[in-house]
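Just final15.pdb here, PDB, C-alpha atoms:
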```pdb
ATOM      1  CA  MET A 696     -17.561   5.188 -16.567
ATOM      2  CA  THR A 697     -14.744   3.898 -14.453
ATOM      3  CA  VAL A 698     -15.315   0.135 -14.510
ATOM      4  CA  THR A 699     -15.371  -1.128 -18.098
ATOM      5  CA  ASP A 700     -15.498  -4.906 -17.676
ATOM      6  CA  VAL A 701     -16.205  -7.519 -15.017
ATOM      7  CA  HIS A 702     -15.703 -11.255 -15.300
ATOM      8  CA  LYS A 703     -16.662 -13.825 -12.679
ATOM      9  CA  ASP A 704     -15.914 -17.532 -12.577
ATOM     10  CA  THR A 705     -17.864 -19.264  -9.848
ATOM     11  CA  GLY A 706     -16.125 -22.577 -10.343
ATOM     12  CA  ALA A 707     -12.669 -21.079 -10.032
ATOM     13  CA  GLY A 708     -13.622 -18.455  -7.454
ATOM     14  CA  THR A 709     -12.077 -15.651  -9.471
ATOM     15  CA  LEU A 710     -13.165 -12.100 -10.072
ATOM     16  CA  THR A 711     -11.632  -9.787 -12.678
ATOM     17  CA  VAL A 712     -12.511  -6.097 -12.728
ATOM     18  CA  VAL A 713     -11.201  -3.754 -15.413
ATOM     19  CA  ALA A 714     -11.260   0.035 -15.010
ATOM     20  CA  GLU A 715      -9.993   2.848 -17.214
ATOM     21  CA  TYR A 716      -8.792   6.265 -16.106
ATOM     22  CA  ASN A 717      -7.685   9.468 -17.798
ATOM     23  CA  ALA A 718      -4.266   9.446 -16.184
ATOM     24  CA  SER A 719      -0.776   8.146 -16.791
ATOM     25  CA  PRO A 720       0.389   4.793 -15.373
ATOM     26  CA  ASP A 721       2.762   6.732 -13.082
ATOM     27  CA  ARG A 722      -0.090   8.693 -11.586
ATOM     28  CA  ILE A 723      -2.186   5.501 -11.137
ATOM     29  CA  TRP A 724       0.793   3.868  -9.467
ATOM     30  CA  GLN A 725       1.053   6.776  -7.017
ATOM     31  CA  LEU A 726      -2.382   5.910  -5.617
ATOM     32  CA  TRP A 727      -0.975   2.528  -4.604
ATOM     33  CA  ALA A 728       2.538   3.662  -3.717
ATOM     34  CA  ASP A 729       1.737   6.673  -1.534
ATOM     35  CA  PRO A 730       0.119   5.430   1.696
ATOM     36  CA  ARG A 731      -1.729   8.749   2.223
ATOM     37  CA  GLN A 732      -3.297   8.436  -1.252
ATOM     38  CA  LEU A 733      -4.043   4.732  -0.745
ATOM     39  CA  GLU A 734      -5.968   5.585   2.442
ATOM     40  CA  ARG A 735      -8.274   7.851   0.467
ATOM     41  CA  TRP A 736      -9.777   5.044  -1.620
ATOM     42  CA  TRP A 737      -9.063   1.640   0.006
ATOM     43  CA  GLY A 738     -11.732   1.761   2.725
ATOM     44  CA  PRO A 739     -15.353   2.901   2.326
ATOM     45  CA  PRO A 740     -16.129   6.417   3.672
ATOM     46  CA  THR A 741     -17.736   4.889   6.774
ATOM     47  CA  TYR A 742     -14.662   2.708   7.422
ATOM     48  CA  PRO A 743     -11.680   4.864   6.460
ATOM     49  CA  ALA A 744      -8.351   3.111   6.243
ATOM     50  CA  THR A 745      -5.178   4.064   8.085
ATOM     51  CA  VAL A 746      -2.020   2.576   6.570
ATOM     52  CA  THR A 747       0.582   1.864   9.247
ATOM     53  CA  ASP A 748       3.196  -0.105   7.276
ATOM     54  CA  HIS A 749       3.832   0.243   3.584
ATOM     55  CA  ASP A 750       6.473  -1.601   1.578
ATOM     56  CA  LEU A 751       5.360  -2.390  -1.974
ATOM     57  CA  SER A 752       8.537  -4.192  -2.998
ATOM     58  CA  ALA A 753       8.436  -7.983  -3.494
ATOM     59  CA  GLY A 754       8.460  -9.640  -0.068
ATOM     60  CA  GLY A 755       7.267  -6.419   1.564
ATOM     61  CA  THR A 756       4.191  -5.963   3.729
ATOM     62  CA  VAL A 757       1.447  -3.382   3.858
ATOM     63  CA  ARG A 758      -0.588  -3.117   7.068
ATOM     64  CA  TYR A 759      -3.698  -1.073   7.644
ATOM     65  CA  HIS A 760      -6.719  -0.817   9.846
ATOM     66  CA  MET A 761     -10.160   0.478   9.043
ATOM     67  CA  THR A 762     -12.018   2.439  11.707
ATOM     68  CA  GLY A 763     -15.795   2.096  11.903
ATOM     69  CA  PRO A 764     -18.413   4.576  13.095
ATOM     70  CA  GLU A 765     -18.274   3.158  16.638
ATOM     71  CA  GLY A 766     -14.505   3.453  16.763
ATOM     72  CA  ASP A 767     -14.233  -0.295  16.012
ATOM     73  CA  GLN A 768     -11.003  -1.217  14.269
ATOM     74  CA  HIS A 769     -10.529  -3.927  11.648
ATOM     75  CA  HIS A 770      -6.956  -4.874  10.863
ATOM     76  CA  GLY A 771      -5.621  -6.330   7.672
ATOM     77  CA  GLY A 772      -2.731  -6.255   5.295
ATOM     78  CA  TRP A 773      -1.049  -7.525   2.170
ATOM     79  CA  ASP A 774       2.017  -9.660   1.680
ATOM     80  CA  VAL A 775       3.499  -8.353  -1.548
ATOM     81  CA  VAL A 776       4.367 -11.250  -3.848
ATOM     82  CA  GLY A 777       5.756  -9.155  -6.668
ATOM     83  CA  SER A 778       5.788  -5.627  -7.974
ATOM     84  CA  ASP A 779       7.079  -3.834 -11.032
ATOM     85  CA  ARG A 780       6.651  -0.067 -10.904
ATOM     86  CA  PRO A 781       4.419   1.341 -12.425
ATOM     87  CA  HIS A 782       2.841  -1.683 -14.110
ATOM     88  CA  ARG A 783       2.213  -4.522 -11.733
ATOM     89  CA  ILE A 784       1.563  -5.395  -8.106
ATOM     90  CA  GLU A 785       0.614  -8.813  -6.832
ATOM     91  CA  PHE A 786      -0.283  -9.433  -3.222
ATOM     92  CA  GLU A 787      -2.016 -11.780  -0.819
ATOM     93  CA  ASP A 788      -4.641 -10.196   1.399
ATOM     94  CA  PHE A 789      -4.714 -11.226   5.024
ATOM     95  CA  PHE A 790      -6.781 -10.337   8.047
ATOM     96  CA  ALA A 791      -5.220  -9.585  11.392
ATOM     97  CA  ASP A 792      -6.138  -9.437  15.068
ATOM     98  CA  ASP A 793      -6.211  -6.163  17.002
ATOM     99  CA  ASP A 794      -2.480  -6.390  17.683
ATOM    100  CA  GLY A 795      -1.791  -6.712  13.940
ATOM    101  CA  ALA A 796      -0.817 -10.428  14.027
ATOM    102  CA  GLU A 797      -2.241 -12.382  11.127
ATOM    103  CA  ASN A 798      -5.396 -14.325  11.837
ATOM    104  CA  THR A 799      -4.600 -17.575  10.073
ATOM    105  CA  ASP A 800      -8.135 -18.945  10.520
ATOM    106  CA  LEU A 801      -9.292 -16.643   7.765
ATOM    107  CA  PRO A 802      -8.624 -17.474   4.133
ATOM    108  CA  ARG A 803      -6.334 -15.354   2.018
ATOM    109  CA  SER A 804      -7.154 -14.113  -1.411
ATOM    110  CA  ARG A 805      -4.535 -13.300  -3.997
ATOM    111  CA  THR A 806      -4.891 -10.143  -6.052
ATOM    112  CA  SER A 807      -2.899  -9.053  -9.048
ATOM    113  CA  VAL A 808      -3.063  -5.511 -10.370
ATOM    114  CA  SER A 809      -1.952  -4.647 -13.916
ATOM    115  CA  ILE A 810      -1.593  -1.041 -15.025
ATOM    116  CA  ASP A 811      -1.341  -0.542 -18.795
ATOM    117  CA  ASP A 812      -1.184   2.516 -21.021
ATOM    118  CA  VAL A 813      -3.764   1.882 -23.770
ATOM    119  CA  GLY A 814      -3.152   5.155 -25.645
ATOM    120  CA  GLY A 815      -5.119   8.380 -25.894
ATOM    121  CA  GLY A 816      -4.109   9.339 -22.377
ATOM    122  CA  ILE A 817      -6.054   6.367 -20.996
ATOM    123  CA  THR A 818      -4.630   3.857 -18.539
ATOM    124  CA  ARG A 819      -6.300   0.526 -17.971
ATOM    125  CA  MET A 820      -6.125  -1.063 -14.528
ATOM    126  CA  THR A 821      -7.018  -4.752 -14.287
ATOM    127  CA  ILE A 822      -7.644  -6.257 -10.855
ATOM    128  CA  GLU A 823      -7.823 -10.042 -10.635
ATOM    129  CA  THR A 824      -8.693 -11.665  -7.330
ATOM    130  CA  VAL A 825      -8.650 -15.383  -6.635
ATOM    131  CA  TYR A 826     -10.748 -16.238  -3.612
ATOM    132  CA  GLY A 827     -10.092 -19.408  -1.660
ATOM    133  CA  SER A 828      -7.662 -21.366   0.431
ATOM    134  CA  PRO A 829      -3.953 -21.499  -0.476
ATOM    135  CA  GLU A 830      -4.391 -25.107  -1.692
ATOM    136  CA  ALA A 831      -7.397 -24.066  -3.740
ATOM    137  CA  LEU A 832      -5.434 -21.114  -5.085
ATOM    138  CA  VAL A 833      -2.660 -23.327  -6.368
ATOM    139  CA  GLN A 834      -5.191 -25.658  -7.926
ATOM    140  CA  VAL A 835      -7.057 -22.775  -9.481
ATOM    141  CA  LEU A 836      -3.882 -21.321 -10.955
ATOM    142  CA  GLU A 837      -2.855 -24.689 -12.369
ATOM    143  CA  MET A 838      -6.318 -25.261 -13.738
ATOM    144  CA  GLY A 839      -6.262 -21.922 -15.487
ATOM    145  CA  MET A 840      -3.636 -23.343 -17.829
ATOM    146  CA  GLU A 841      -5.841 -26.130 -19.088
ATOM    147  CA  GLU A 842      -8.088 -25.617 -22.026
ATOM    148  CA  GLY A 843     -11.419 -27.357 -21.625
ATOM    149  CA  ILE A 844     -11.722 -26.421 -17.976
ATOM    150  CA  ARG A 845     -13.256 -23.142 -19.003
ATOM    151  CA  SER A 846     -16.252 -24.886 -20.511
ATOM    152  CA  ALA A 847     -16.846 -26.779 -17.268
ATOM    153  CA  LEU A 848     -16.733 -23.505 -15.366
ATOM    154  CA  GLY A 849     -19.038 -21.941 -17.924
ATOM    155  CA  GLN A 850     -21.460 -24.820 -17.418
ATOM    156  CA  ILE A 851     -21.736 -24.056 -13.717
ATOM    157  CA  ASP A 852     -22.709 -20.485 -14.500
ATOM    158  CA  ASP A 853     -25.196 -21.821 -17.086
ATOM    159  CA  VAL A 854     -26.809 -23.988 -14.406
ATOM    160  CA  LEU A 855     -27.261 -20.890 -12.271
ATOM    161  CA  ALA A 856     -28.559 -18.772 -15.125
ATOM    162  CA  ALA A 857     -31.051 -21.391 -16.364
ATOM    163  CA  GLN A 858     -32.772 -21.919 -13.047
ATOM    164  CA  PRO A 859     -32.269 -18.992 -10.720
ATOM    165  CA  VAL A 860     -32.854 -19.759  -7.081
TER     166      VAL A 860
ATOM    167  CA  MET B 834     -23.847  -9.671   3.124
ATOM    168  CA  VAL B 835     -23.506 -13.324   2.272
ATOM    169  CA  VAL B 836     -19.850 -13.084   3.191
ATOM    170  CA  ASP B 837     -20.909 -12.116   6.724
ATOM    171  CA  GLN B 838     -23.474 -14.902   7.007
ATOM    172  CA  LEU B 839     -21.071 -17.607   5.932
ATOM    173  CA  THR B 840     -18.090 -18.301   8.112
ATOM    174  CA  ASP B 841     -14.782 -17.966   6.347
ATOM    175  CA  ALA B 842     -14.286 -21.700   6.813
ATOM    176  CA  GLU B 843     -17.510 -22.246   4.861
ATOM    177  CA  ILE B 844     -16.383 -19.978   2.027
ATOM    178  CA  ASP B 845     -13.087 -21.822   2.044
ATOM    179  CA  ARG B 846     -14.831 -25.225   1.802
ATOM    180  CA  LEU B 847     -17.094 -23.930  -0.940
ATOM    181  CA  PHE B 848     -14.303 -22.795  -3.239
ATOM    182  CA  HIS B 849     -12.066 -25.705  -2.331
ATOM    183  CA  ALA B 850     -14.884 -28.081  -3.328
ATOM    184  CA  LEU B 851     -15.310 -26.258  -6.643
ATOM    185  CA  ALA B 852     -11.574 -26.160  -7.357
ATOM    186  CA  ASP B 853     -11.533 -29.738  -8.686
ATOM    187  CA  SER B 854     -12.674 -30.499 -12.230
ATOM    188  CA  THR B 855     -14.330 -33.851 -11.374
ATOM    189  CA  ARG B 856     -16.286 -32.246  -8.551
ATOM    190  CA  ARG B 857     -17.400 -29.371 -10.764
ATOM    191  CA  ASP B 858     -18.548 -31.906 -13.306
ATOM    192  CA  ILE B 859     -20.498 -33.811 -10.644
ATOM    193  CA  VAL B 860     -22.219 -30.564  -9.614
ATOM    194  CA  VAL B 861     -23.238 -29.954 -13.234
ATOM    195  CA  ARG B 862     -24.469 -33.532 -13.823
ATOM    196  CA  ALA B 863     -26.375 -33.754 -10.544
ATOM    197  CA  ALA B 864     -28.069 -30.413 -11.262
ATOM    198  CA  GLY B 865     -29.898 -32.007 -14.171
ATOM    199  CA  GLY B 866     -31.660 -34.623 -12.070
ATOM    200  CA  ASP B 867     -31.191 -37.227  -9.383
ATOM    201  CA  LEU B 868     -28.209 -39.447 -10.001
ATOM    202  CA  SER B 869     -27.002 -42.400  -8.000
ATOM    203  CA  VAL B 870     -23.378 -42.574  -6.895
ATOM    204  CA  SER B 871     -22.917 -45.725  -8.955
ATOM    205  CA  ALA B 872     -24.397 -44.055 -12.049
ATOM    206  CA  LEU B 873     -22.025 -41.106 -11.485
ATOM    207  CA  ALA B 874     -19.061 -43.454 -11.107
ATOM    208  CA  ARG B 875     -19.778 -44.892 -14.560
ATOM    209  CA  CYS B 876     -19.175 -41.401 -16.026
ATOM    210  CA  TYR B 877     -15.545 -41.282 -14.871
ATOM    211  CA  PRO B 878     -12.530 -43.560 -15.087
ATOM    212  CA  MET B 879     -12.559 -43.816 -11.301
ATOM    213  CA  SER B 880     -13.689 -46.242  -8.654
ATOM    214  CA  VAL B 881     -17.001 -45.847  -6.868
ATOM    215  CA  THR B 882     -14.959 -45.185  -3.714
ATOM    216  CA  ALA B 883     -13.116 -42.275  -5.367
ATOM    217  CA  ILE B 884     -16.391 -40.768  -6.555
ATOM    218  CA  GLN B 885     -17.854 -41.348  -3.104
ATOM    219  CA  LYS B 886     -15.003 -39.226  -1.672
ATOM    220  CA  HIS B 887     -15.627 -36.385  -4.110
ATOM    221  CA  VAL B 888     -19.321 -36.471  -3.241
ATOM    222  CA  THR B 889     -18.432 -36.255   0.467
ATOM    223  CA  VAL B 890     -16.315 -33.115  -0.149
ATOM    224  CA  LEU B 891     -19.191 -31.571  -2.106
ATOM    225  CA  GLU B 892     -21.644 -32.567   0.605
ATOM    226  CA  SER B 893     -19.592 -30.984   3.396
ATOM    227  CA  ALA B 894     -19.440 -27.781   1.336
ATOM    228  CA  GLY B 895     -23.253 -27.954   1.054
ATOM    229  CA  LEU B 896     -23.099 -28.177  -2.736
ATOM    230  CA  VAL B 897     -24.923 -31.512  -3.018
ATOM    231  CA  ARG B 898     -27.182 -33.570  -0.777
ATOM    232  CA  LYS B 899     -27.130 -37.346  -0.568
ATOM    233  CA  GLU B 900     -30.165 -39.509   0.161
ATOM    234  CA  ARG B 901     -30.477 -43.224   0.495
ATOM    235  CA  ARG B 902     -33.116 -44.677  -1.811
ATOM    236  CA  GLY B 903     -33.306 -48.436  -1.485
ATOM    237  CA  ARG B 904     -29.836 -49.753  -2.205
ATOM    238  CA  GLU B 905     -28.784 -46.567  -4.008
ATOM    239  CA  GLN B 906     -27.374 -43.290  -2.784
ATOM    240  CA  ILE B 907     -28.887 -40.428  -4.742
ATOM    241  CA  VAL B 908     -26.912 -37.211  -5.267
ATOM    242  CA  THR B 909     -28.682 -33.912  -5.948
ATOM    243  CA  THR B 910     -27.085 -30.495  -6.475
ATOM    244  CA  GLU B 911     -28.015 -27.813  -3.955
ATOM    245  CA  ARG B 912     -28.653 -24.852  -6.213
ATOM    246  CA  THR B 913     -28.930 -22.416  -3.323
ATOM    247  CA  GLN B 914     -25.394 -23.125  -2.223
ATOM    248  CA  LEU B 915     -24.113 -22.932  -5.788
ATOM    249  CA  ALA B 916     -25.773 -19.531  -6.041
ATOM    250  CA  THR B 917     -24.048 -18.563  -2.789
ATOM    251  CA  ALA B 918     -20.653 -19.116  -4.375
ATOM    252  CA  HIS B 919     -21.799 -16.735  -7.080
ATOM    253  CA  GLN B 920     -23.047 -14.206  -4.513
ATOM    254  CA  VAL B 921     -19.728 -14.148  -2.691
ATOM    255  CA  LEU B 922     -18.179 -13.021  -5.966
ATOM    256  CA  ASP B 923     -21.006 -10.506  -6.506
ATOM    257  CA  GLU B 924     -20.171  -8.908  -3.177
ATOM    258  CA  LEU B 925     -16.493  -8.844  -3.970
ATOM    259  CA  GLU B 926     -17.406  -7.206  -7.277
ATOM    260  CA  ALA B 927     -19.526  -4.540  -5.529
ATOM    261  CA  MET B 928     -16.645  -3.809  -3.145
ATOM    262  CA  TRP B 929     -14.152  -3.369  -5.991
ATOM    263  CA  ARG B 930     -16.554  -1.242  -8.043
ATOM    264  CA  GLN B 931     -16.957   1.173  -5.125
ATOM    265  CA  ARG B 932     -13.235   1.131  -4.471
ATOM    266  CA  LEU B 933     -12.380   1.849  -8.117
ATOM    267  CA  ASP B 934     -14.942   4.679  -8.234
ATOM    268  CA  ARG B 935     -13.227   6.248  -5.218
ATOM    269  CA  PHE B 936      -9.898   5.646  -6.960
ATOM    270  CA  GLY B 937     -11.190   7.762  -9.877
ATOM    271  CA  GLU B 938     -12.369  10.506  -7.501
ATOM    272  CA  VAL B 939      -8.981  10.702  -5.822
ATOM    273  CA  LEU B 940      -7.305  10.903  -9.249
ATOM    274  CA  ALA B 941      -9.650  13.727 -10.299
ATOM    275  CA  ASP B 942      -8.941  15.602  -7.048
ATOM    276  CA  LEU B 943      -5.230  15.282  -7.593
ATOM    277  CA  ALA B 944      -5.551  16.487 -11.188
ATOM    278  CA  GLN B 945      -7.438  19.588 -10.030
ATOM    279  CA  GLY B 946      -4.809  20.402  -7.470
ATOM    280  CA  ASP B 947      -2.109  19.955 -10.087
ATOM    281  CA  PRO B 948      -0.866  23.336 -11.435
ATOM    282  CA  THR B 949       0.005  21.740 -14.803
TER     283      THR B 949
END
```
Take the structure from the file and write it as structure tokens.
Amino acid sequence: MTVTDVHKDTGAGTLTVVAEYNASPDRIWQLWADPRQLERWWGPPTYPATVTDHDLSAGGTVRYHMTGPEGDQHHGGWDVVGSDRPHRIEFEDFFADDDGAENTDLPRSRTSVSIDDVGGGITRMTIETVYGSPEALVQVLEMGMEEGIRSALGQIDDVLAAQPV
Amino acid sequence: MVVDQLTDAEIDRLFHALADSTRRDIVVRAAGGDLSVSALARCYPMSVTAIQKHVTVLESAGLVRKERRGREQIVTTERTQLATAHQVLDELEAMWRQRLDRFGEVLADLAQGDPT
């Protein structure tokens, strides 16, 4: 099984997905660092991705578009916040108009990717995405430091679990 | 998808509203039963006006509804909208699961094509 753990925090708007692969961190990194390999898994089969710009260094930008069955194109990209080959990439997702200019009406999400050798030829990849506005992101990141907040977030999920809608 | 039904501004408001600890606490308290704004204000070291503002943010995100009952304003949590916040994350999870499965397939393909 590829995905080994998933954690969701509704209150914070965060999603963490952990996957393990029988491959070295270098090989995992290649699937991010080689645009042709990235294209093979980023978009769903019905909306394959074409990567047009690709700079994974800190401050760099990746641009892509996904092409739908009707030939419709959906543009997007990442602003790379930080990267440390082959262990870490952090980027902000953005959506773009047809000419590739960022559509600032749409919220960004920030994703950090950690690639760790856990022994036995297994590499663990942890993807953490924070969903929300930039202001909310900052707040969420600051909140994450505080103990006691977690219980409040847990309570929200308890409310949902106790009385499903 | 829920993400398609909600505008991005709505998703933004939803998570912004939930990004504050007092507002999250209000959502939890008001889920248990009807609470007046003045009763809520007694739970926090804040003025009624400050609580009123938090309730307004929650209301515009659709997370609570406010009704006037006599001289009181009653706050009730909208569970459906709270569940929506959860669903947005569910969809994001489904997207990443599919993506990471494809990631594994690409890795396996590469391994097969690798002479070592």
When distances are computed from all atoms listed in the file, which of A:Val757, A:Ile784, A:Val712, A:Leu751 shows the smallest separation from chain B?
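Going through A:Val757, A:Ile784, A:Val712, A:Leu751 one by one, the smallest distance to chain B is for A:Val712.
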Which distance in Å separates CA of Ser778 (chain A) and CA of Gln945 (chain B), to one decimal?
28.5 Å
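Residues in contact with Ala864 (chain B) at 8 Å, where only C-alpha atoms are counted and same-chain residues fewer than 6 positions away are skipped, are listed as Val854 of chain A; Thr909, Thr910, Glu911 and Arg912 of chain B.
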Residues of chain B near chain A: apply a cut-off of 8 Å, count all atoms listed in the file, and supply the list as a PyMOL selection string.
chain B and resi 841-842+844-845+848-849+851-854+857-858+860-861+864+912-913+915-916+918-919+922+925-926+929-937+939-940
List as a PyMOL selection string the protein and nucleic acid residues near Pro781 (chain A), meaning an atom at most 8 Å away when only C-alpha atoms are counted, but skip any in the same chain fewer than 6 places from it.
chain A and resi 720-721+723-724+810
Write to file, as an mmCIF file, keeping the file's coordinate frame, the residues of the selection just made, with C-alpha atoms.
```cif
data_model
loop_
_atom_site.group_PDB
_atom_site.id
_atom_site.type_symbol
_atom_site.label_atom_id
_atom_site.label_comp_id
_atom_site.auth_asym_id
_atom_site.auth_seq_id
_atom_site.Cartn_x
_atom_site.Cartn_y
_atom_site.Cartn_z
ATOM 1 C CA PRO A 720 0.389 4.793 -15.373
ATOM 2 C CA ASP A 721 2.762 6.732 -13.082
ATOM 3 C CA ILE A 723 -2.186 5.501 -11.137
ATOM 4 C CA TRP A 724 0.793 3.868 -9.467
ATOM 5 C CA ILE A 810 -1.593 -1.041 -15.025
#
```
Determine the residue set returned by the PyMOL selection byres ((chain A and resi 759) around 9) for the present structure, and present it as number ranges by chain.
A: 734, 744-749, 757-758, 760-761, 769-773, 795
Atoms kept (C-alpha atoms) for selection, written as a PDB file, keeping the file's coordinate frame:
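Heads up, here's the output in out32.pdb:
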```pdb
ATOM      1  CA  GLU A 734      -5.968   5.585   2.442  1.00  0.00           C
ATOM      2  CA  ALA A 744      -8.351   3.111   6.243  1.00  0.00           C
ATOM      3  CA  THR A 745      -5.178   4.064   8.085  1.00  0.00           C
ATOM      4  CA  VAL A 746      -2.020   2.576   6.570  1.00  0.00           C
ATOM      5  CA  THR A 747       0.582   1.864   9.247  1.00  0.00           C
ATOM      6  CA  ASP A 748       3.196  -0.105   7.276  1.00  0.00           C
ATOM      7  CA  HIS A 749       3.832   0.243   3.584  1.00  0.00           C
ATOM      8  CA  VAL A 757       1.447  -3.382   3.858  1.00  0.00           C
ATOM      9  CA  ARG A 758      -0.588  -3.117   7.068  1.00  0.00           C
ATOM     10  CA  HIS A 760      -6.719  -0.817   9.846  1.00  0.00           C
ATOM     11  CA  MET A 761     -10.160   0.478   9.043  1.00  0.00           C
ATOM     12  CA  HIS A 769     -10.529  -3.927  11.648  1.00  0.00           C
ATOM     13  CA  HIS A 770      -6.956  -4.874  10.863  1.00  0.00           C
ATOM     14  CA  GLY A 771      -5.621  -6.330   7.672  1.00  0.00           C
ATOM     15  CA  GLY A 772      -2.731  -6.255   5.295  1.00  0.00           C
ATOM     16  CA  TRP A 773      -1.049  -7.525   2.170  1.00  0.00           C
ATOM     17  CA  GLY A 795      -1.791  -6.712  13.940  1.00  0.00           C
TER      18      GLY A 795
END
```
For the provided coordinates, the residues matched by the PyMOL selection byres ((chain B and resi 874-889) around 9) should be stated as a ChimeraX atom specification.
/B:850,855-856,859,869-873,890-894,897-899,908
How big is the axis-aligned box, and where does its centre sit, when it encloses all atoms of region 852-858 of chain B listed in the file and has 5 Å added on every side, reported in Å to one decimal as JSON?
```
{"center_x": -15.0, "center_y": -30.0, "center_z": -10.3, "size_x": 17.0, "size_y": 17.7, "size_z": 15.9}
```
Any idea what's packed within 6 Å of Thr756 (chain A), counting only C-alpha atoms, ignoring anything in its chain fewer than 4 positions away? Could you give it as a list in words?
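In the requested format, the answer is Asp750, Trp773, Asp774 and Val775 of chain A.
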Calculate how many Å separate CA of Thr699 (chain A) from CA of Arg780 (chain A), rounding to one decimal.
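Distance reported for this atom pair: 23.2 Å.
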N, CA and C atoms are what I want for region 697-715 of chain A; can you complete it accordingly and write them as a PDB file, in the frame of the given file?
```pdb
ATOM      1  N   THR A 697     -16.038   4.371 -14.947  1.00  0.00           N
ATOM      2  CA  THR A 697     -14.744   3.898 -14.453  1.00  0.00           C
ATOM      3  C   THR A 697     -14.526   2.418 -14.767  1.00  0.00           C
ATOM      4  N   VAL A 698     -15.472   1.575 -14.315  1.00  0.00           N
ATOM      5  CA  VAL A 698     -15.315   0.135 -14.510  1.00  0.00           C
ATOM      6  C   VAL A 698     -15.832  -0.221 -15.902  1.00  0.00           C
ATOM      7  N   THR A 699     -14.975  -0.846 -16.716  1.00  0.00           N
ATOM      8  CA  THR A 699     -15.371  -1.128 -18.098  1.00  0.00           C
ATOM      9  C   THR A 699     -15.708  -2.596 -18.328  1.00  0.00           C
ATOM     10  N   ASP A 700     -15.231  -3.490 -17.457  1.00  0.00           N
ATOM     11  CA  ASP A 700     -15.498  -4.906 -17.676  1.00  0.00           C
ATOM     12  C   ASP A 700     -15.376  -5.671 -16.357  1.00  0.00           C
ATOM     13  N   VAL A 701     -16.247  -6.676 -16.208  1.00  0.00           N
ATOM     14  CA  VAL A 701     -16.205  -7.519 -15.017  1.00  0.00           C
ATOM     15  C   VAL A 701     -16.375  -8.952 -15.471  1.00  0.00           C
ATOM     16  N   HIS A 702     -15.545  -9.852 -14.955  1.00  0.00           N
ATOM     17  CA  HIS A 702     -15.703 -11.255 -15.300  1.00  0.00           C
ATOM     18  C   HIS A 702     -15.624 -12.112 -14.040  1.00  0.00           C
ATOM     19  N   LYS A 703     -16.629 -12.985 -13.870  1.00  0.00           N
ATOM     20  CA  LYS A 703     -16.662 -13.825 -12.679  1.00  0.00           C
ATOM     21  C   LYS A 703     -16.690 -15.299 -13.066  1.00  0.00           C
ATOM     22  N   ASP A 704     -15.910 -16.085 -12.382  1.00  0.00           N
ATOM     23  CA  ASP A 704     -15.914 -17.532 -12.577  1.00  0.00           C
ATOM     24  C   ASP A 704     -16.247 -18.183 -11.249  1.00  0.00           C
ATOM     25  N   THR A 705     -17.475 -18.676 -11.127  1.00  0.00           N
ATOM     26  CA  THR A 705     -17.864 -19.264  -9.848  1.00  0.00           C
ATOM     27  C   THR A 705     -17.051 -20.502  -9.535  1.00  0.00           C
ATOM     28  N   GLY A 706     -16.851 -21.328 -10.563  1.00  0.00           N
ATOM     29  CA  GLY A 706     -16.125 -22.577 -10.343  1.00  0.00           C
ATOM     30  C   GLY A 706     -14.720 -22.335  -9.839  1.00  0.00           C
ATOM     31  N   ALA A 707     -14.059 -21.341 -10.407  1.00  0.00           N
ATOM     32  CA  ALA A 707     -12.669 -21.079 -10.032  1.00  0.00           C
ATOM     33  C   ALA A 707     -12.579 -20.117  -8.852  1.00  0.00           C
ATOM     34  N   GLY A 708     -13.666 -19.435  -8.523  1.00  0.00           N
ATOM     35  CA  GLY A 708     -13.622 -18.455  -7.454  1.00  0.00           C
ATOM     36  C   GLY A 708     -12.779 -17.250  -7.810  1.00  0.00           C
ATOM     37  N   THR A 709     -12.869 -16.818  -9.074  1.00  0.00           N
ATOM     38  CA  THR A 709     -12.077 -15.651  -9.471  1.00  0.00           C
ATOM     39  C   THR A 709     -12.970 -14.505  -9.907  1.00  0.00           C
ATOM     40  N   LEU A 710     -12.475 -13.319  -9.657  1.00  0.00           N
ATOM     41  CA  LEU A 710     -13.165 -12.100 -10.072  1.00  0.00           C
ATOM     42  C   LEU A 710     -12.153 -11.198 -10.766  1.00  0.00           C
ATOM     43  N   THR A 711     -12.492 -10.730 -11.967  1.00  0.00           N
ATOM     44  CA  THR A 711     -11.632  -9.787 -12.678  1.00  0.00           C
ATOM     45  C   THR A 711     -12.425  -8.509 -12.920  1.00  0.00           C
ATOM     46  N   VAL A 712     -11.867  -7.394 -12.524  1.00  0.00           N
ATOM     47  CA  VAL A 712     -12.511  -6.097 -12.728  1.00  0.00           C
ATOM     48  C   VAL A 712     -11.542  -5.214 -13.502  1.00  0.00           C
ATOM     49  N   VAL A 713     -12.039  -4.613 -14.586  1.00  0.00           N
ATOM     50  CA  VAL A 713     -11.201  -3.754 -15.413  1.00  0.00           C
ATOM     51  C   VAL A 713     -11.735  -2.324 -15.332  1.00  0.00           C
ATOM     52  N   ALA A 714     -10.858  -1.374 -15.079  1.00  0.00           N
ATOM     53  CA  ALA A 714     -11.260   0.035 -15.010  1.00  0.00           C
ATOM     54  C   ALA A 714     -10.314   0.862 -15.870  1.00  0.00           C
ATOM     55  N   GLU A 715     -10.840   1.967 -16.409  1.00  0.00           N
ATOM     56  CA  GLU A 715      -9.993   2.848 -17.214  1.00  0.00           C
ATOM     57  C   GLU A 715     -10.054   4.261 -16.656  1.00  0.00           C
TER      58      GLU A 715
END
```
